[in-house]
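Heads up, the thing below is written out as structure tokens.
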Amino acid sequence: MRRSLPLIALVALAVTVFAAWMHPGVLDPANVGWLIDGHDRGQSAIGLAAYLRAGGPWPLLHQPLLGAPEGMTLLFTDSIPLLGILLGPVARWLPPGLQFLGLWYLACMLLQVGFAWAIVRPRARDGLSAWLCAALLALMPVLINRYGHASLCAQWLILWALWLHLDPVRSRSHLWWAAVLATAALVHSYLLLIVAAIWASAMLRAFWVEPRRWRTLAGSVGVAALVVAIVALHGVLGQHFASTGTYGAFPVALDAWWNPANPSYAALLPSSPDDGHGFEGFQYLGAGLIALLLIGLGWSVAGAARGVTLAVPWDALRRLAWLVPALLVLAVVAIGPQPKIWGAPLWTAHLSPALIDALDPVRAGGRLFWPATYTLVIAVLLVICSMPRAALILAGALALQLVDLMPMLAAVRATSAVADSSGTYRRTHDPRWDALIARAGSIDFQPPNPFADLALMEEVTWRAVRLCRPVRFTYAARETAMMRARLDAEALDFQAGRIDPTRLYVLLDGTVPGALTARVRRLDGVAIIPPSASALPPRCR
């Protein structure tokens with residue numbers, strides 16, 4: 001019984017933090033209404049549902065329903081390819097229209113707590129101190145704030161990679177690194193890049209200090225080849241993607257660790273005004289972790305001044321120091337061409353259009369500062385754990401963190417409050433929607449711009465996926481140049497009054513070309529052009 005107590009305590013911690021983060025109704029796979037409300041996590045659920053409804057042969061991660069006729073892979077709909085791999089073999093037995101993101105959020109919190117414990121427990125004075133550290137790492141604001149992107153809540157991948165890097169034995173195992181890199185490649189490209197940076201740092205250290213360097217080099221090549229193969233499975237290689245030209249629009253600010261950048265998120269520390277661009281670069285530590293950072297620095301400086309050798313885990317800190325070169329590179333990309341402090345730019349470096357296009361795959365660059373944030377926090381926690389009365393200090397910091405983050409937790413939890421109510425659709429109530437969609441050969445949204453009305457897009461697309469009808473335009477993380485050219489051509493045809501009689505047209509902004517005015521109908525206040533002919537849909541499971 002005593003051996004199971006740590007596991008029970010960790011599960012209780014993860015469930016408690018999850019309950020403060022999300023409403024329990026999100027765990028019901030049949031409960032969908034909380035997702036399709038005009039946010040990115042709705043598109044994530046739609047992409048996975050489309051794959052399970054009409055995906056290609058397992059383990060190919062391509063689906064034909066979204067972005068038809070080309071279709072796209074789960075990676076480009078931010079739909080967690082790992083879930084597609086796990087659920088694909090049983091897809092034919094699943095009823096259409098289920099969501100699995102609620103369970104994914106819970107799994108992410110359980111894994112976050114588990115890897116946090118694995119990192120800290122061997123280096124903590126006692127189990128209570130390690131549990132308190134795990135609680136602080138579970139309450140990381142950068143994790144709580146990513147509720148809108150389910151795949152990016154897998155920040156346990158960062159902890160997994162850091163756990164490997166800190167372990168003298170596992171850090172030399174290419175099988176362990178292949179496992180974490182392959183998993184990251186099946187979750188999200190940004191997390192893959194972050195984990196790859198930690199792996200590269202570990203390999204750099206091994207190559208520098210290990211006597212058998214050829215083994216390190218050969219094993220690294222093998223791991224890299226596996227990752228490239230998985231990336232190829234996503235359809236990334238050999239494609240020409242359209243650039244958004246927005247690199248630098250989503251940076252991390254220079255004061256991000258102590259500036260919440262959202263006045264409604266922190267109860268104890270001041271915030272610069274929310275300018276709407278700080279979401280991706282949000283790196284706020286919280287008052288509790290900031291207090292621990294100051295305490296750790298003060299204790300270390302005082303010990304050095306007295307000439308006292310501190311009982312800190314020097315080996316772990318030295319291993320973390322090997323991350324600095326990679327973290328500096330990621331930091332430069334994350335800060336971008338316009339460094340900011342307190343919401344205002346300090347200067348602007350004017351990059352060439354070619355460089356901006358080249359950096360488009362990491363346009364949400366603020367995310368790339370996450371490993372620096374996690375590395376700093378883990379280093380601070382390891383130092384605190386070596387102090388006398390560590391448990392008391394950590395308990396006080398946890399209390400301070402909770403008080404400071406209460407407004408943020410309440411705001412984030414409110415976004416899933418609709419999960420406690422019945423009903424799926426809030427914009428498309430009329431039962432005639434399903435009949436219209438079932439009669440259409442495909443669904444066409446005009447204009448092909450998700451920000452015209454994403455909530456409406458998601459509801460109609462969810463209905464279309466359930467009925468196995470292809471959707472020609474969808475909200476994707478990346479578009480190929482060929483797909484964007486097709487969408488632009490179809491938009492021009494629509495404006496000229498040339499339409500396909502088999503399609504259901506949904507007018508997202510209500511604008512109707514003069515030549516089509518007589519054909520427009522309204523359903524639930526939404527302007528549509530119903531199909532006048534039928535077509536066969538793609539084959540579904």
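Quick note on naming: the chains in the structure tokens go A, B, ... in the order shown, residues restart at 1 in each chain, and ligands are numbered from 1 in order of appearance.
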
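All residues in stretch 257-477 of chain A with a DSSP state of strand (DSSP E or B), computed from the backbone, read Lys340, Ile341, Ala344, Pro345, Ser442, Ile443, Asp444, Phe445, Gln446 and Val471 of chain A.
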
Interface rows for stretch 341-430 of chain A against stretch 435-457 of chain A: nearest pair, Å to one decimal, 12 Å, only C-alpha atoms, as JSON lines:
```
{"residue": "A:Tyr425", "atom": "CA", "partner": "A:Leu456", "partner_atom": "CA", "distance": 9.5}
{"residue": "A:Arg426", "atom": "CA", "partner": "A:Leu456", "partner_atom": "CA", "distance": 8.9}
{"residue": "A:Arg427", "atom": "CA", "partner": "A:Leu456", "partner_atom": "CA", "distance": 6.4}
{"residue": "A:Thr428", "atom": "CA", "partner": "A:Leu456", "partner_atom": "CA", "distance": 7.7}
{"residue": "A:His429", "atom": "CA", "partner": "A:Leu456", "partner_atom": "CA", "distance": 11.3}
{"residue": "A:Asp430", "atom": "CA", "partner": "A:Ala435", "partner_atom": "CA", "distance": 10.2}
```

Just to be explicit: take each residue in the selection above, keep N, CA, C and O atoms, and write the result as a compact mmCIF listing (two decimals), in the first residue's frame.
```txt
# COMPACT_ATOMS: atom_id res chain seq x y z
N TYR A 425 -25.14 22.11 -31.77
CA TYR A 425 -25.08 23.23 -32.71
C TYR A 425 -25.74 24.47 -32.11
O TYR A 425 -26.84 24.39 -31.54
N ARG A 426 -25.10 25.62 -32.28
CA ARG A 426 -25.62 26.88 -31.79
C ARG A 426 -25.88 27.89 -32.89
O ARG A 426 -26.52 28.89 -32.67
N ARG A 427 -25.38 27.61 -34.08
CA ARG A 427 -25.61 28.50 -35.22
C ARG A 427 -26.51 27.84 -36.26
O ARG A 427 -27.16 28.54 -37.03
N THR A 428 -26.51 26.52 -36.31
CA THR A 428 -27.25 25.80 -37.35
C THR A 428 -28.24 24.83 -36.69
O THR A 428 -28.05 23.62 -36.70
N HIS A 429 -29.29 25.38 -36.12
CA HIS A 429 -30.27 24.57 -35.39
C HIS A 429 -31.18 23.77 -36.32
O HIS A 429 -31.62 22.67 -35.98
N ASP A 430 -31.53 24.35 -37.44
CA ASP A 430 -32.57 23.79 -38.30
C ASP A 430 -32.21 22.37 -38.77
O ASP A 430 -31.11 22.14 -39.28
```

Please indicate the distance in Å from atom CA of A:His62 to atom CA of A:Ser243, rounded to one decimal place. 21.8 Å

Residues near A:Ala419, anyone? I mean within 10 Å using only C-alpha atoms, not counting same-chain ones fewer than 5 positions away, as a PDB file with N, CA and C atoms, in the first residue's frame.
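Result file follows (selection-v4.pdb):
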```pdb
ATOM      1  N   MET A  22     -10.452  22.326 -16.909  1.00  0.00           N
ATOM      2  CA  MET A  22     -11.517  21.966 -17.845  1.00  0.00           C
ATOM      3  C   MET A  22     -12.749  21.489 -17.081  1.00  0.00           C
ATOM      4  N   HIS A  23     -13.918  21.631 -17.694  1.00  0.00           N
ATOM      5  CA  HIS A  23     -15.131  21.042 -17.142  1.00  0.00           C
ATOM      6  C   HIS A  23     -15.117  19.537 -17.410  1.00  0.00           C
ATOM      7  N   PRO A  24     -15.599  18.735 -16.474  1.00  0.00           N
ATOM      8  CA  PRO A  24     -15.553  17.277 -16.673  1.00  0.00           C
ATOM      9  C   PRO A  24     -16.357  16.790 -17.868  1.00  0.00           C
ATOM     10  N   GLY A  25     -17.333  17.583 -18.324  1.00  0.00           N
ATOM     11  CA  GLY A  25     -18.136  17.173 -19.474  1.00  0.00           C
ATOM     12  C   GLY A  25     -17.342  16.994 -20.745  1.00  0.00           C
ATOM     13  N   VAL A  26     -16.132  17.550 -20.801  1.00  0.00           N
ATOM     14  CA  VAL A  26     -15.324  17.416 -22.022  1.00  0.00           C
ATOM     15  C   VAL A  26     -14.852  15.983 -22.223  1.00  0.00           C
ATOM     16  N   LEU A  27     -14.919  15.157 -21.181  1.00  0.00           N
ATOM     17  CA  LEU A  27     -14.428  13.785 -21.279  1.00  0.00           C
ATOM     18  C   LEU A  27     -15.397  12.870 -22.021  1.00  0.00           C
ATOM     19  N   ASP A  28     -16.625  13.301 -22.219  1.00  0.00           N
ATOM     20  CA  ASP A  28     -17.619  12.493 -22.934  1.00  0.00           C
ATOM     21  C   ASP A  28     -17.364  12.584 -24.435  1.00  0.00           C
ATOM     22  N   ASN A  31     -19.901  14.389 -26.542  1.00  0.00           N
ATOM     23  CA  ASN A  31     -20.140  15.799 -26.235  1.00  0.00           C
ATOM     24  C   ASN A  31     -19.230  16.644 -27.130  1.00  0.00           C
ATOM     25  N   VAL A  32     -19.808  17.284 -28.124  1.00  0.00           N
ATOM     26  CA  VAL A  32     -19.021  17.956 -29.158  1.00  0.00           C
ATOM     27  C   VAL A  32     -19.217  19.471 -29.159  1.00  0.00           C
ATOM     28  N   GLY A  33     -20.338  19.944 -28.650  1.00  0.00           N
ATOM     29  CA  GLY A  33     -20.682  21.359 -28.776  1.00  0.00           C
ATOM     30  C   GLY A  33     -19.652  22.313 -28.207  1.00  0.00           C
ATOM     31  N   TRP A  34     -18.902  21.893 -27.180  1.00  0.00           N
ATOM     32  CA  TRP A  34     -17.901  22.775 -26.568  1.00  0.00           C
ATOM     33  C   TRP A  34     -16.695  22.997 -27.465  1.00  0.00           C
ATOM     34  N   LEU A  35     -16.554  22.171 -28.502  1.00  0.00           N
ATOM     35  CA  LEU A  35     -15.392  22.267 -29.382  1.00  0.00           C
ATOM     36  C   LEU A  35     -15.649  23.116 -30.618  1.00  0.00           C
ATOM     37  N   ALA A 414     -13.772  28.579 -18.130  1.00  0.00           N
ATOM     38  CA  ALA A 414     -15.039  29.084 -18.664  1.00  0.00           C
ATOM     39  C   ALA A 414     -15.192  28.789 -20.150  1.00  0.00           C
ATOM     40  N   THR A 424     -25.418  20.339 -29.605  1.00  0.00           N
ATOM     41  CA  THR A 424     -24.168  20.404 -30.360  1.00  0.00           C
ATOM     42  C   THR A 424     -24.049  21.688 -31.152  1.00  0.00           C
TER      43      THR A 424
END
```

Selection near A:Thr415, 12 Å with only C-alpha atoms, sequence-local residues under 2 positions removed, as an NGL selection string: :A and (21-23 or 26 or 33-39 or 41 or 145-148 or 408-413 or 417-420)

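The residue that comes closest to A:Gln239, out of A:Thr502, A:Thr480, A:Ser171, A:Ser4 and on the basis of only C-alpha atoms, is A:Thr480.
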
Enumerate, as a PDB file with all heavy atoms, in the first residue's frame, the complete set of residues in stretch 89-123 of chain A that a backbone-based DSSP assignment places in alpha helix (DSSP H).
```pdb
ATOM      1  N   LEU A 101     -10.744  14.824 -27.775  1.00  0.00           N
ATOM      2  CA  LEU A 101      -9.823  15.833 -27.250  1.00  0.00           C
ATOM      3  C   LEU A 101      -9.927  15.981 -25.746  1.00  0.00           C
ATOM      4  O   LEU A 101      -8.938  16.297 -25.073  1.00  0.00           O
ATOM      5  CB  LEU A 101     -10.067  17.177 -27.937  1.00  0.00           C
ATOM      6  CG  LEU A 101      -9.724  17.235 -29.433  1.00  0.00           C
ATOM      7  CD1 LEU A 101      -9.711  18.676 -29.911  1.00  0.00           C
ATOM      8  CD2 LEU A 101      -8.394  16.569 -29.730  1.00  0.00           C
ATOM      9  N   GLY A 102     -11.129  15.798 -25.185  1.00  0.00           N
ATOM     10  CA  GLY A 102     -11.260  15.873 -23.736  1.00  0.00           C
ATOM     11  C   GLY A 102     -10.387  14.850 -23.041  1.00  0.00           C
ATOM     12  O   GLY A 102      -9.677  15.158 -22.068  1.00  0.00           O
ATOM     13  N   LEU A 103     -10.410  13.620 -23.543  1.00  0.00           N
ATOM     14  CA  LEU A 103      -9.553  12.574 -22.990  1.00  0.00           C
ATOM     15  C   LEU A 103      -8.081  12.886 -23.243  1.00  0.00           C
ATOM     16  O   LEU A 103      -7.217  12.574 -22.412  1.00  0.00           O
ATOM     17  CB  LEU A 103      -9.927  11.226 -23.614  1.00  0.00           C
ATOM     18  CG  LEU A 103     -11.326  10.701 -23.252  1.00  0.00           C
ATOM     19  CD1 LEU A 103     -11.678   9.503 -24.115  1.00  0.00           C
ATOM     20  CD2 LEU A 103     -11.412  10.342 -21.776  1.00  0.00           C
ATOM     21  N   TRP A 104      -7.783  13.501 -24.366  1.00  0.00           N
ATOM     22  CA  TRP A 104      -6.406  13.898 -24.669  1.00  0.00           C
ATOM     23  C   TRP A 104      -5.909  14.927 -23.664  1.00  0.00           C
ATOM     24  O   TRP A 104      -4.778  14.822 -23.163  1.00  0.00           O
ATOM     25  CB  TRP A 104      -6.322  14.457 -26.084  1.00  0.00           C
ATOM     26  CG  TRP A 104      -5.025  15.125 -26.433  1.00  0.00           C
ATOM     27  CD1 TRP A 104      -4.780  16.472 -26.466  1.00  0.00           C
ATOM     28  CD2 TRP A 104      -3.780  14.493 -26.780  1.00  0.00           C
ATOM     29  NE1 TRP A 104      -3.480  16.722 -26.816  1.00  0.00           N
ATOM     30  CE2 TRP A 104      -2.845  15.531 -27.024  1.00  0.00           C
ATOM     31  CE3 TRP A 104      -3.386  13.175 -26.923  1.00  0.00           C
ATOM     32  CZ2 TRP A 104      -1.535  15.266 -27.393  1.00  0.00           C
ATOM     33  CZ3 TRP A 104      -2.066  12.909 -27.292  1.00  0.00           C
ATOM     34  CH2 TRP A 104      -1.156  13.953 -27.518  1.00  0.00           C
ATOM     35  N   TYR A 105      -6.736  15.934 -23.339  1.00  0.00           N
ATOM     36  CA  TYR A 105      -6.339  16.930 -22.341  1.00  0.00           C
ATOM     37  C   TYR A 105      -6.020  16.256 -21.005  1.00  0.00           C
ATOM     38  O   TYR A 105      -5.032  16.594 -20.343  1.00  0.00           O
ATOM     39  CB  TYR A 105      -7.463  17.952 -22.137  1.00  0.00           C
ATOM     40  CG  TYR A 105      -7.600  18.981 -23.236  1.00  0.00           C
ATOM     41  CD1 TYR A 105      -8.786  19.102 -23.955  1.00  0.00           C
ATOM     42  CD2 TYR A 105      -6.569  19.860 -23.529  1.00  0.00           C
ATOM     43  CE1 TYR A 105      -8.933  20.052 -24.955  1.00  0.00           C
ATOM     44  CE2 TYR A 105      -6.699  20.813 -24.519  1.00  0.00           C
ATOM     45  CZ  TYR A 105      -7.888  20.908 -25.236  1.00  0.00           C
ATOM     46  OH  TYR A 105      -8.023  21.847 -26.216  1.00  0.00           O
ATOM     47  N   LEU A 106      -6.866  15.315 -20.591  1.00  0.00           N
ATOM     48  CA  LEU A 106      -6.615  14.615 -19.331  1.00  0.00           C
ATOM     49  C   LEU A 106      -5.320  13.810 -19.412  1.00  0.00           C
ATOM     50  O   LEU A 106      -4.514  13.824 -18.476  1.00  0.00           O
ATOM     51  CB  LEU A 106      -7.796  13.695 -19.009  1.00  0.00           C
ATOM     52  CG  LEU A 106      -7.640  12.830 -17.744  1.00  0.00           C
ATOM     53  CD1 LEU A 106      -7.426  13.699 -16.512  1.00  0.00           C
ATOM     54  CD2 LEU A 106      -8.849  11.918 -17.569  1.00  0.00           C
ATOM     55  N   ALA A 107      -5.097  13.116 -20.525  1.00  0.00           N
ATOM     56  CA  ALA A 107      -3.868  12.344 -20.691  1.00  0.00           C
ATOM     57  C   ALA A 107      -2.644  13.266 -20.632  1.00  0.00           C
ATOM     58  O   ALA A 107      -1.610  12.905 -20.044  1.00  0.00           O
ATOM     59  CB  ALA A 107      -3.905  11.586 -22.011  1.00  0.00           C
ATOM     60  N   CYS A 108      -2.750  14.443 -21.240  1.00  0.00           N
ATOM     61  CA  CYS A 108      -1.622  15.388 -21.212  1.00  0.00           C
ATOM     62  C   CYS A 108      -1.297  15.807 -19.782  1.00  0.00           C
ATOM     63  O   CYS A 108      -0.123  15.917 -19.406  1.00  0.00           O
ATOM     64  CB  CYS A 108      -1.941  16.614 -22.066  1.00  0.00           C
ATOM     65  SG  CYS A 108      -1.822  16.324 -23.846  1.00  0.00           S
ATOM     66  N   MET A 109      -2.327  16.047 -18.970  1.00  0.00           N
ATOM     67  CA  MET A 109      -2.067  16.457 -17.593  1.00  0.00           C
ATOM     68  C   MET A 109      -1.464  15.309 -16.786  1.00  0.00           C
ATOM     69  O   MET A 109      -0.546  15.522 -15.974  1.00  0.00           O
ATOM     70  CB  MET A 109      -3.356  16.945 -16.946  1.00  0.00           C
ATOM     71  CG  MET A 109      -3.153  17.608 -15.587  1.00  0.00           C
ATOM     72  SD  MET A 109      -1.984  18.999 -15.638  1.00  0.00           S
ATOM     73  CE  MET A 109      -2.912  20.206 -16.596  1.00  0.00           C
ATOM     74  N   LEU A 110      -1.942  14.091 -16.997  1.00  0.00           N
ATOM     75  CA  LEU A 110      -1.365  12.935 -16.302  1.00  0.00           C
ATOM     76  C   LEU A 110       0.111  12.755 -16.675  1.00  0.00           C
ATOM     77  O   LEU A 110       0.958  12.510 -15.802  1.00  0.00           O
ATOM     78  CB  LEU A 110      -2.153  11.676 -16.649  1.00  0.00           C
ATOM     79  CG  LEU A 110      -3.561  11.566 -16.033  1.00  0.00           C
ATOM     80  CD1 LEU A 110      -4.357  10.466 -16.727  1.00  0.00           C
ATOM     81  CD2 LEU A 110      -3.480  11.283 -14.531  1.00  0.00           C
ATOM     82  N   LEU A 111       0.424  12.885 -17.952  1.00  0.00           N
ATOM     83  CA  LEU A 111       1.809  12.719 -18.399  1.00  0.00           C
ATOM     84  C   LEU A 111       2.686  13.887 -17.946  1.00  0.00           C
ATOM     85  O   LEU A 111       3.873  13.704 -17.631  1.00  0.00           O
ATOM     86  CB  LEU A 111       1.849  12.577 -19.917  1.00  0.00           C
ATOM     87  CG  LEU A 111       1.285  11.252 -20.447  1.00  0.00           C
ATOM     88  CD1 LEU A 111       1.037  11.332 -21.945  1.00  0.00           C
ATOM     89  CD2 LEU A 111       2.243  10.106 -20.133  1.00  0.00           C
ATOM     90  N   GLN A 112       2.116  15.087 -17.900  1.00  0.00           N
ATOM     91  CA  GLN A 112       2.866  16.240 -17.408  1.00  0.00           C
ATOM     92  C   GLN A 112       3.310  16.007 -15.964  1.00  0.00           C
ATOM     93  O   GLN A 112       4.479  16.221 -15.610  1.00  0.00           O
ATOM     94  CB  GLN A 112       1.986  17.500 -17.496  1.00  0.00           C
ATOM     95  CG  GLN A 112       2.655  18.786 -17.060  1.00  0.00           C
ATOM     96  CD  GLN A 112       3.436  19.473 -18.153  1.00  0.00           C
ATOM     97  OE1 GLN A 112       3.521  18.973 -19.268  1.00  0.00           O
ATOM     98  NE2 GLN A 112       3.999  20.628 -17.857  1.00  0.00           N
ATOM     99  N   VAL A 113       2.377  15.547 -15.145  1.00  0.00           N
ATOM    100  CA  VAL A 113       2.694  15.277 -13.741  1.00  0.00           C
ATOM    101  C   VAL A 113       3.685  14.120 -13.629  1.00  0.00           C
ATOM    102  O   VAL A 113       4.638  14.167 -12.835  1.00  0.00           O
ATOM    103  CB  VAL A 113       1.396  14.976 -12.964  1.00  0.00           C
ATOM    104  CG1 VAL A 113       1.711  14.416 -11.580  1.00  0.00           C
ATOM    105  CG2 VAL A 113       0.555  16.241 -12.826  1.00  0.00           C
ATOM    106  N   GLY A 114       3.478  13.077 -14.428  1.00  0.00           N
ATOM    107  CA  GLY A 114       4.351  11.912 -14.346  1.00  0.00           C
ATOM    108  C   GLY A 114       5.794  12.218 -14.698  1.00  0.00           C
ATOM    109  O   GLY A 114       6.726  11.811 -13.972  1.00  0.00           O
ATOM    110  N   PHE A 115       6.015  12.932 -15.778  1.00  0.00           N
ATOM    111  CA  PHE A 115       7.396  13.248 -16.162  1.00  0.00           C
ATOM    112  C   PHE A 115       8.010  14.295 -15.231  1.00  0.00           C
ATOM    113  O   PHE A 115       9.228  14.282 -15.000  1.00  0.00           O
ATOM    114  CB  PHE A 115       7.449  13.708 -17.618  1.00  0.00           C
ATOM    115  CG  PHE A 115       7.413  12.575 -18.600  1.00  0.00           C
ATOM    116  CD1 PHE A 115       6.326  12.391 -19.435  1.00  0.00           C
ATOM    117  CD2 PHE A 115       8.464  11.674 -18.670  1.00  0.00           C
ATOM    118  CE1 PHE A 115       6.280  11.329 -20.333  1.00  0.00           C
ATOM    119  CE2 PHE A 115       8.443  10.614 -19.564  1.00  0.00           C
ATOM    120  CZ  PHE A 115       7.341  10.434 -20.396  1.00  0.00           C
ATOM    121  N   ALA A 116       7.190  15.199 -14.701  1.00  0.00           N
ATOM    122  CA  ALA A 116       7.705  16.161 -13.719  1.00  0.00           C
ATOM    123  C   ALA A 116       8.232  15.420 -12.487  1.00  0.00           C
ATOM    124  O   ALA A 116       9.325  15.711 -11.980  1.00  0.00           O
ATOM    125  CB  ALA A 116       6.599  17.141 -13.326  1.00  0.00           C
ATOM    126  N   TRP A 117       7.465  14.442 -12.012  1.00  0.00           N
ATOM    127  CA  TRP A 117       7.887  13.635 -10.870  1.00  0.00           C
ATOM    128  C   TRP A 117       9.170  12.858 -11.199  1.00  0.00           C
ATOM    129  O   TRP A 117      10.089  12.780 -10.384  1.00  0.00           O
ATOM    130  CB  TRP A 117       6.754  12.680 -10.490  1.00  0.00           C
ATOM    131  CG  TRP A 117       7.095  11.650  -9.459  1.00  0.00           C
ATOM    132  CD1 TRP A 117       7.573  10.388  -9.682  1.00  0.00           C
ATOM    133  CD2 TRP A 117       6.981  11.784  -8.034  1.00  0.00           C
ATOM    134  NE1 TRP A 117       7.762   9.723  -8.494  1.00  0.00           N
ATOM    135  CE2 TRP A 117       7.408  10.545  -7.462  1.00  0.00           C
ATOM    136  CE3 TRP A 117       6.568  12.800  -7.190  1.00  0.00           C
ATOM    137  CZ2 TRP A 117       7.408  10.324  -6.094  1.00  0.00           C
ATOM    138  CZ3 TRP A 117       6.570  12.572  -5.812  1.00  0.00           C
ATOM    139  CH2 TRP A 117       6.985  11.355  -5.286  1.00  0.00           C
ATOM    140  N   ALA A 118       9.220  12.287 -12.398  1.00  0.00           N
ATOM    141  CA  ALA A 118      10.394  11.495 -12.782  1.00  0.00           C
ATOM    142  C   ALA A 118      11.662  12.349 -12.808  1.00  0.00           C
ATOM    143  O   ALA A 118      12.752  11.865 -12.480  1.00  0.00           O
ATOM    144  CB  ALA A 118      10.161  10.866 -14.157  1.00  0.00           C
ATOM    145  N   ILE A 119      11.536  13.606 -13.184  1.00  0.00           N
ATOM    146  CA  ILE A 119      12.700  14.494 -13.223  1.00  0.00           C
ATOM    147  C   ILE A 119      13.153  14.875 -11.816  1.00  0.00           C
ATOM    148  O   ILE A 119      14.342  14.848 -11.494  1.00  0.00           O
ATOM    149  CB  ILE A 119      12.373  15.768 -14.039  1.00  0.00           C
ATOM    150  CG1 ILE A 119      12.267  15.433 -15.530  1.00  0.00           C
ATOM    151  CG2 ILE A 119      13.442  16.843 -13.824  1.00  0.00           C
ATOM    152  CD1 ILE A 119      11.772  16.588 -16.370  1.00  0.00           C
ATOM    153  N   VAL A 120      12.205  15.207 -10.959  1.00  0.00           N
ATOM    154  CA  VAL A 120      12.548  15.826  -9.676  1.00  0.00           C
ATOM    155  C   VAL A 120      12.797  14.802  -8.572  1.00  0.00           C
ATOM    156  O   VAL A 120      13.682  14.986  -7.731  1.00  0.00           O
ATOM    157  CB  VAL A 120      11.440  16.814  -9.252  1.00  0.00           C
ATOM    158  CG1 VAL A 120      11.759  17.433  -7.897  1.00  0.00           C
ATOM    159  CG2 VAL A 120      11.274  17.907 -10.298  1.00  0.00           C
TER     160      VAL A 120
END
```
